[in-house]
$ cat model.txt   # compact mmCIF, C-alpha atoms
# COMPACT_ATOMS: atom_id res chain seq x y z
CA MET A 835 -82.93 107.63 -80.80
CA ASN A 836 -80.55 109.10 -83.35
CA ILE A 837 -77.11 107.61 -82.68
CA ARG A 838 -75.29 110.22 -84.76
CA GLU A 839 -76.85 113.06 -82.73
CA MET A 840 -76.03 111.31 -79.44
CA HIS A 841 -72.44 110.76 -80.62
CA GLU A 842 -72.08 114.43 -81.60
CA LEU A 843 -73.59 115.62 -78.32
CA LEU A 844 -71.24 113.47 -76.23
CA ASN A 845 -68.23 114.68 -78.21
CA TYR A 846 -69.40 118.29 -77.81
CA LEU A 847 -69.74 117.86 -74.04
CA TRP A 848 -66.35 116.19 -73.57
CA GLU A 849 -64.56 118.64 -75.88
CA GLY A 850 -66.21 121.55 -74.08
CA VAL A 851 -65.10 120.32 -70.67
CA PHE A 852 -61.52 119.77 -71.86
CA ARG A 853 -61.48 123.29 -73.36
CA LEU A 854 -62.90 124.82 -70.16
CA ASN A 855 -60.30 122.94 -68.14
CA ASP A 856 -57.47 124.31 -70.27
CA GLU A 857 -58.78 127.90 -70.33
CA LEU A 858 -59.63 128.03 -66.62
CA ARG A 859 -56.28 126.55 -65.62
CA LYS A 860 -54.67 129.61 -67.23
CA GLU A 861 -57.23 132.18 -66.07
CA LEU A 862 -57.99 131.09 -62.49
CA GLY A 863 -54.60 129.80 -61.37
CA GLY A 864 -53.49 133.26 -60.29
CA ARG A 865 -56.71 133.85 -58.35
CA GLY A 866 -56.18 131.15 -55.74
CA PHE A 867 -58.00 128.31 -57.50
CA LYS A 868 -56.38 125.03 -58.48
CA ILE A 869 -57.79 123.37 -61.59
CA GLU A 870 -57.48 119.58 -61.54
CA ALA A 871 -57.41 117.28 -64.59
CA VAL A 872 -60.59 116.15 -66.35
CA GLU A 873 -61.88 112.79 -65.11
CA GLU A 874 -64.76 110.43 -65.72
CA ALA A 875 -67.40 110.60 -63.02
CA PHE A 876 -70.10 108.04 -62.32
CA ASN A 877 -73.32 107.95 -60.32
CA GLY A 878 -74.10 111.65 -60.57
CA TYR A 879 -77.59 113.04 -60.88
CA ILE A 880 -79.34 114.98 -63.62
CA TYR A 881 -82.43 117.16 -63.11
CA ILE A 882 -85.21 115.88 -65.41
CA ASP A 883 -88.90 116.73 -65.25
CA GLY A 884 -88.62 118.31 -61.81
CA GLU A 885 -86.63 115.58 -60.10
CA TRP A 886 -83.08 114.29 -59.77
CA LYS A 887 -82.33 111.10 -61.74
CA LEU A 888 -79.28 108.84 -61.31
CA MET A 889 -76.81 108.75 -64.23
CA LYS A 890 -75.23 105.30 -64.41
CA TYR A 891 -73.05 106.36 -67.32
CA PRO A 892 -69.79 108.35 -67.21
CA TYR A 893 -69.66 112.10 -67.68
CA PRO A 894 -66.71 114.55 -67.72
CA VAL A 895 -65.80 116.59 -64.64
CA PHE A 896 -62.88 118.40 -63.07
CA GLU A 897 -62.36 119.93 -59.67
CA VAL A 898 -61.88 123.63 -59.06
CA LYS A 899 -60.22 123.53 -55.66
CA PRO A 900 -60.90 124.37 -52.97
CA GLN A 901 -64.69 124.12 -53.27
CA GLY A 902 -65.97 123.39 -56.75
CA GLU A 903 -66.51 121.12 -59.70
CA ILE A 904 -67.18 121.77 -63.38
CA GLY A 905 -68.64 119.19 -65.71
CA ALA A 906 -71.17 118.31 -68.34
CA THR A 907 -74.26 116.14 -68.51
CA LEU A 908 -76.69 115.47 -71.32
CA GLN A 909 -78.38 118.77 -70.40
CA GLY A 910 -75.24 120.84 -70.91
CA PHE A 911 -72.50 122.28 -68.75
CA TYR A 912 -72.55 123.00 -65.02
CA PHE A 913 -70.52 124.16 -62.09
CA VAL A 914 -71.21 123.44 -58.45
CA PHE A 915 -69.56 124.84 -55.33
CA ALA A 916 -70.01 123.65 -51.74
CA VAL A 917 -70.34 126.45 -49.20
CA PRO A 918 -70.80 126.33 -45.41
CA LYS A 919 -74.41 127.27 -44.73
CA ARG A 920 -73.32 129.81 -42.11
CA LYS A 921 -71.89 131.91 -44.99
CA ILE A 922 -75.18 132.05 -46.89
CA SER A 923 -77.03 135.33 -46.46
CA LEU A 924 -80.40 136.55 -47.64
CA GLU A 925 -78.78 139.07 -49.99
CA PHE A 926 -76.52 136.37 -51.47
CA ILE A 927 -79.54 134.13 -52.16
CA ARG A 928 -81.38 137.03 -53.78
CA GLU A 929 -78.43 137.88 -56.04
CA PHE A 930 -77.62 134.25 -56.83
CA THR A 931 -81.16 133.34 -57.87
CA GLU A 932 -81.58 136.56 -59.87
CA SER A 933 -78.20 136.23 -61.61
CA PHE A 934 -78.68 132.75 -63.06
CA GLU A 935 -81.68 131.34 -64.89
CA GLU A 936 -80.68 127.73 -64.18
CA ALA A 937 -79.63 127.93 -60.52
CA PHE A 938 -79.91 125.24 -57.87
CA ILE A 939 -79.26 125.22 -54.13
CA TYR A 940 -79.28 121.82 -52.47
CA GLY A 941 -77.82 119.91 -49.56
CA ALA A 942 -74.25 118.71 -49.37
CA ALA A 943 -74.99 115.61 -47.29
CA ASP A 944 -78.48 115.10 -48.71
CA PHE A 945 -77.86 116.31 -52.25
CA LEU A 946 -81.33 115.23 -53.38
CA ARG A 947 -82.86 117.83 -51.04
CA ASP A 948 -83.46 121.04 -52.96
CA PHE A 949 -83.64 124.35 -51.17
CA TYR A 950 -84.05 126.12 -54.51
CA ASN A 951 -84.40 125.03 -58.14
CA PRO A 952 -85.76 126.64 -61.32
CA ASP A 953 -89.18 125.01 -60.80
CA MET A 954 -89.60 126.50 -57.32
CA LYS A 955 -91.10 129.95 -57.19
CA SER A 956 -89.66 130.65 -53.76
CA LYS A 957 -88.82 133.99 -52.28
CA PRO A 958 -85.23 134.35 -51.00
CA GLU A 959 -86.56 134.49 -47.42
CA GLU A 960 -88.18 131.06 -47.88
CA VAL A 961 -84.99 129.61 -49.34
CA LEU A 962 -82.91 130.94 -46.44
CA GLU A 963 -85.40 129.53 -43.92
CA ARG A 964 -85.22 126.08 -45.55
CA ILE A 965 -81.42 126.20 -45.46
CA SER A 966 -81.25 127.53 -41.89
CA SER A 967 -83.68 124.95 -40.51
CA SER A 968 -82.00 122.00 -42.23
CA PRO A 969 -79.41 119.78 -40.55
CA GLU A 970 -77.00 120.46 -43.43
CA GLU A 971 -73.67 122.03 -42.52
CA ALA A 972 -72.98 123.01 -46.13
CA VAL A 973 -75.04 123.67 -49.23
CA GLN A 974 -74.19 123.21 -52.86
CA LEU A 975 -74.68 126.03 -55.33
CA GLU A 976 -75.07 124.88 -58.93
CA VAL A 977 -75.47 126.77 -62.18
CA ASP A 978 -76.23 125.13 -65.53
CA ALA A 979 -75.55 126.50 -69.02
CA LYS A 980 -75.99 125.25 -72.57
CA THR A 981 -72.52 126.14 -73.88
CA PRO A 982 -68.97 126.22 -72.47
CA GLU A 983 -68.84 129.95 -73.22
CA ASP A 984 -72.03 130.62 -71.26
CA LEU A 985 -70.79 128.50 -68.38
CA LYS A 986 -67.46 130.32 -68.25
CA LYS A 987 -69.24 133.68 -68.20
CA ALA A 988 -71.55 132.44 -65.42
CA LEU A 989 -68.58 131.09 -63.46
CA PHE A 990 -66.84 134.47 -63.44
CA THR A 991 -70.10 136.14 -62.39
CA PHE A 992 -70.39 133.58 -59.58
CA ILE A 993 -66.80 134.11 -58.45
CA GLU A 994 -67.40 137.86 -58.23
CA LEU A 995 -70.67 137.29 -56.36
CA GLY A 996 -68.91 134.84 -54.04
CA ALA A 997 -66.13 137.33 -53.35
CA LYS A 998 -68.65 140.11 -52.69
CA HIS A 999 -70.42 137.95 -50.09
CA SER A 1000 -67.28 136.21 -48.75
CA ILE A 1001 -68.55 132.72 -49.45
CA LEU A 1002 -65.57 131.39 -51.42
CA GLU A 1003 -62.19 130.51 -50.01
CA GLU A 1004 -59.73 132.24 -52.32
$ encode --input "model.txt" --output "structure tokens"
Amino acid sequence: MNIREMHELLNYLWEGVFRLNDELRKELGGRGFKIEAVEEAFNGYIYIDGEWKLMKYPYPVFEVKPQGEIGATLQGFYFVFAVPKRKISLEFIREFTESFEEAFIYGAADFLRDFYNPDMKSKPEEVLERISSSPEEAVQLEVDAKTPEDLKKALFTFIELGAKHSILEE
């Protein structure tokens, strides 16, 4: 393990999250979102080799109220929004999975249960069936990106997609 590279990566991730927090506070405040302060989070999960692994170390996050979170892990930057499953439509799933290369849909109560991830080659109909037949009341929609700039661009795409399909409370 190269300690210098790990140090630089961690600084990059934390600096990126602080910058996103500052920029989004200015840009999303007028759109009905409240951007909370950056915090340390513990006991999150990271997707490695096709499965979710527990992170026992801190990572930076901030809430995008009312339904989301933005943060960074060793893989890069992410956002995740919780949405009532009754609001998820077939067309939304199709557009969501086609719009983002690194997209995940998983349970809110059982967050280790994937309905869709980049390794699954599922059709939108199959994803909707898994969601509909699950006991989950809400699902989490996550998008990962390598840079803060890419994440910000993806976030605005997601917000527009969410508005189009009435899944976000604005």
$ closest_residue --input "model.txt" --among "A:Val895, A:Leu995, A:Leu924, A:Leu888" --to "Phe945 in chain A" --atoms "only C-alpha atoms"
A:Leu888
$ atom_distance --input "model.txt" --atom1 "CA of Ile993 in chain A" --atom2 "CA of Thr931 in chain A"
14.4 Å
$ closest_residue --input "model.txt" --among "A:Ser967, A:Gln909, A:Asn951, A:Thr981" --to "Phe930 in chain A" --atoms "only C-alpha atoms"
A:Asn951
$ closest_atom_pairs --input "model.txt" --of "range 886-1004 of chain A" --to "range 859-871 of chain A" --cutoff "8 Å" --atoms "only C-alpha atoms" --output "CSV"
residue,atom,partner,partner_atom,distance
A:Phe896,CA,A:Glu870,CA,5.7
A:Glu897,CA,A:Glu870,CA,5.2
A:Val898,CA,A:Ile869,CA,4.8
A:Lys899,CA,A:Lys868,CA,5.0
A:Pro900,CA,A:Phe867,CA,6.7
A:Glu1004,CA,A:Gly866,CA,5.0
$ residues_around --input "model.txt" --residues "Lys890 in chain A" --least-positions-apart "4" --cutoff "10 Å" --atoms "all atoms listed in the file" --output "ChimeraX atom specification"
/A:875-879
$ axis_aligned_box --input "model.txt" --around "range 983-994 of chain A" --padding-each-side "3 Å" --output "lines of an AutoDock Vina configuration file"
center_x = -69.4
center_y = 133.2
center_z = -65.7
size_x = 11.2
size_y = 15.4
size_z = 21.0
$ closest_residue --input "model.txt" --among "A:Leu1002, A:Leu985, A:Ile882, A:Ala906" --to "Leu858 in chain A" --atoms "all atoms listed in the file"
A:Leu985
$ atom_distance --input "model.txt" --atom1 "CA of Ser1000 in chain A" --atom2 "CA of Asp856 in chain A"
26.5 Å
$ closest_residue --input "model.txt" --among "A:Ala979, A:Val917, A:Leu962, A:Leu946" --to "Gly996 in chain A" --atoms "all atoms listed in the file"
A:Val917
$ residues_around --input "model.txt" --residues "Gln974 in chain A" --least-positions-apart "6" --cutoff "6 Å" --atoms "only C-alpha atoms" --output "PyMOL selection string"
chain A and resi 915-916+939-942
$ write_last_selection --input "model.txt" --atoms "C-alpha atoms" --output "mmCIF file, keeping the file's coordinate frame"
data_model
loop_
_atom_site.group_PDB
_atom_site.id
_atom_site.type_symbol
_atom_site.label_atom_id
_atom_site.label_comp_id
_atom_site.auth_asym_id
_atom_site.auth_seq_id
_atom_site.Cartn_x
_atom_site.Cartn_y
_atom_site.Cartn_z
ATOM 1 C CA PHE A 915 -69.560 124.840 -55.330
ATOM 2 C CA ALA A 916 -70.010 123.650 -51.740
ATOM 3 C CA ILE A 939 -79.260 125.220 -54.130
ATOM 4 C CA TYR A 940 -79.280 121.820 -52.470
ATOM 5 C CA GLY A 941 -77.820 119.910 -49.560
ATOM 6 C CA ALA A 942 -74.250 118.710 -49.370
#
$ atom_distance --input "model.txt" --atom1 "CA of Phe938 in chain A" --atom2 "CA of Pro952 in chain A"
6.9 Å
$ residues_around --input "model.txt" --residues "Glu929 in chain A" --least-positions-apart "4" --cutoff "12 Å" --atoms "only C-alpha atoms" --output "list in words"
Ile922, Ser923, Leu924, Glu925, Ser933, Phe934, Glu935, Ala937, Lys957, Pro958, Thr991, Phe992, Glu994, Leu995, Gly996, Lys998 and His999 of chain A
$ closest_residue --input "model.txt" --among "A:Met889, A:Asp948, A:Met835, A:Val914" --to "Gln901 in chain A" --atoms "all atoms listed in the file"
A:Val914
$ closest_residue --input "model.txt" --among "A:Leu908, A:Val961, A:Leu854, A:Ile1001" --to "Asp984 in chain A" --atoms "all atoms listed in the file"
A:Leu854
$ residues_around --input "model.txt" --residues "Gly905 in chain A" --least-positions-apart "3" --cutoff "10 Å" --atoms "only C-alpha atoms" --output "compact mmCIF listing (two decimals) with C-alpha atoms, keeping the file's coordinate frame"
# COMPACT_ATOMS: atom_id res chain seq x y z
CA LEU A 847 -69.74 117.86 -74.04
CA TRP A 848 -66.35 116.19 -73.57
CA GLY A 850 -66.21 121.55 -74.08
CA VAL A 851 -65.10 120.32 -70.67
CA PHE A 852 -61.52 119.77 -71.86
CA LEU A 854 -62.90 124.82 -70.16
CA ASN A 855 -60.30 122.94 -68.14
CA VAL A 872 -60.59 116.15 -66.35
CA GLU A 873 -61.88 112.79 -65.11
CA GLU A 874 -64.76 110.43 -65.72
CA ALA A 875 -67.40 110.60 -63.02
CA TYR A 893 -69.66 112.10 -67.68
CA PRO A 894 -66.71 114.55 -67.72
CA VAL A 895 -65.80 116.59 -64.64
CA PHE A 896 -62.88 118.40 -63.07
CA GLU A 897 -62.36 119.93 -59.67
CA GLY A 910 -75.24 120.84 -70.91
CA PHE A 911 -72.50 122.28 -68.75
CA TYR A 912 -72.55 123.00 -65.02
CA PHE A 913 -70.52 124.16 -62.09
CA VAL A 914 -71.21 123.44 -58.45
CA ASP A 978 -76.23 125.13 -65.53
CA PRO A 982 -68.97 126.22 -72.47
CA LEU A 985 -70.79 128.50 -68.38
$ decode --input "model.txt" --residues "range 875-924 of chain A" --atoms "C-alpha atoms" --output "short mmCIF file (atom, residue, chain, number, x, y, z; two decimals), in the first residue's frame"
data_model
loop_
_atom_site.label_atom_id
_atom_site.label_comp_id
_atom_site.auth_asym_id
_atom_site.auth_seq_id
_atom_site.Cartn_x
_atom_site.Cartn_y
_atom_site.Cartn_z
CA ALA A 875 -20.25 8.96 8.71
CA PHE A 876 -19.42 5.48 9.94
CA ASN A 877 -20.60 1.95 9.16
CA GLY A 878 -21.58 2.62 5.55
CA TYR A 879 -21.13 0.11 2.77
CA ILE A 880 -19.03 0.11 -0.37
CA TYR A 881 -19.70 -2.03 -3.45
CA ILE A 882 -16.61 -4.18 -4.13
CA ASP A 883 -16.36 -7.20 -6.41
CA GLY A 884 -20.11 -7.53 -6.77
CA GLU A 885 -21.05 -7.26 -3.10
CA TRP A 886 -21.56 -4.67 -0.38
CA LYS A 887 -18.74 -4.46 2.19
CA LEU A 888 -18.88 -2.68 5.57
CA MET A 889 -16.66 0.41 5.95
CA LYS A 890 -15.54 0.68 9.57
CA TYR A 891 -13.69 3.92 8.84
CA PRO A 892 -15.15 7.44 8.54
CA TYR A 893 -16.12 8.98 5.23
CA PRO A 894 -17.55 12.44 4.37
CA VAL A 895 -21.28 12.94 3.79
CA PHE A 896 -23.93 15.63 3.89
CA GLU A 897 -27.69 15.51 3.67
CA VAL A 898 -29.70 17.00 0.83
CA LYS A 899 -33.07 17.33 2.52
CA PRO A 900 -35.70 16.15 2.19
CA GLN A 901 -34.61 12.81 0.70
CA GLY A 902 -30.92 12.56 -0.12
CA GLU A 903 -27.30 12.26 0.85
CA ILE A 904 -24.07 13.09 -0.95
CA GLY A 905 -20.72 11.67 0.05
CA ALA A 906 -17.52 9.98 -0.96
CA THR A 907 -15.98 6.57 -0.45
CA LEU A 908 -12.70 5.11 -1.64
CA GLN A 909 -14.43 4.45 -4.99
CA GLY A 910 -15.33 8.09 -5.56
CA PHE A 911 -18.35 10.30 -5.07
CA TYR A 912 -22.00 9.29 -4.75
CA PHE A 913 -25.48 10.54 -4.12
CA VAL A 914 -28.39 8.50 -2.85
CA PHE A 915 -32.07 9.43 -2.54
CA ALA A 916 -34.81 7.46 -0.78
CA VAL A 917 -38.09 7.31 -2.69
CA PRO A 918 -41.40 5.63 -1.81
CA LYS A 919 -41.68 2.55 -3.99
CA ARG A 920 -45.20 3.53 -5.04
CA LYS A 921 -43.63 6.44 -6.98
CA ILE A 922 -41.31 4.20 -9.01
CA SER A 923 -42.56 3.55 -12.54
CA LEU A 924 -41.29 1.37 -15.34
#
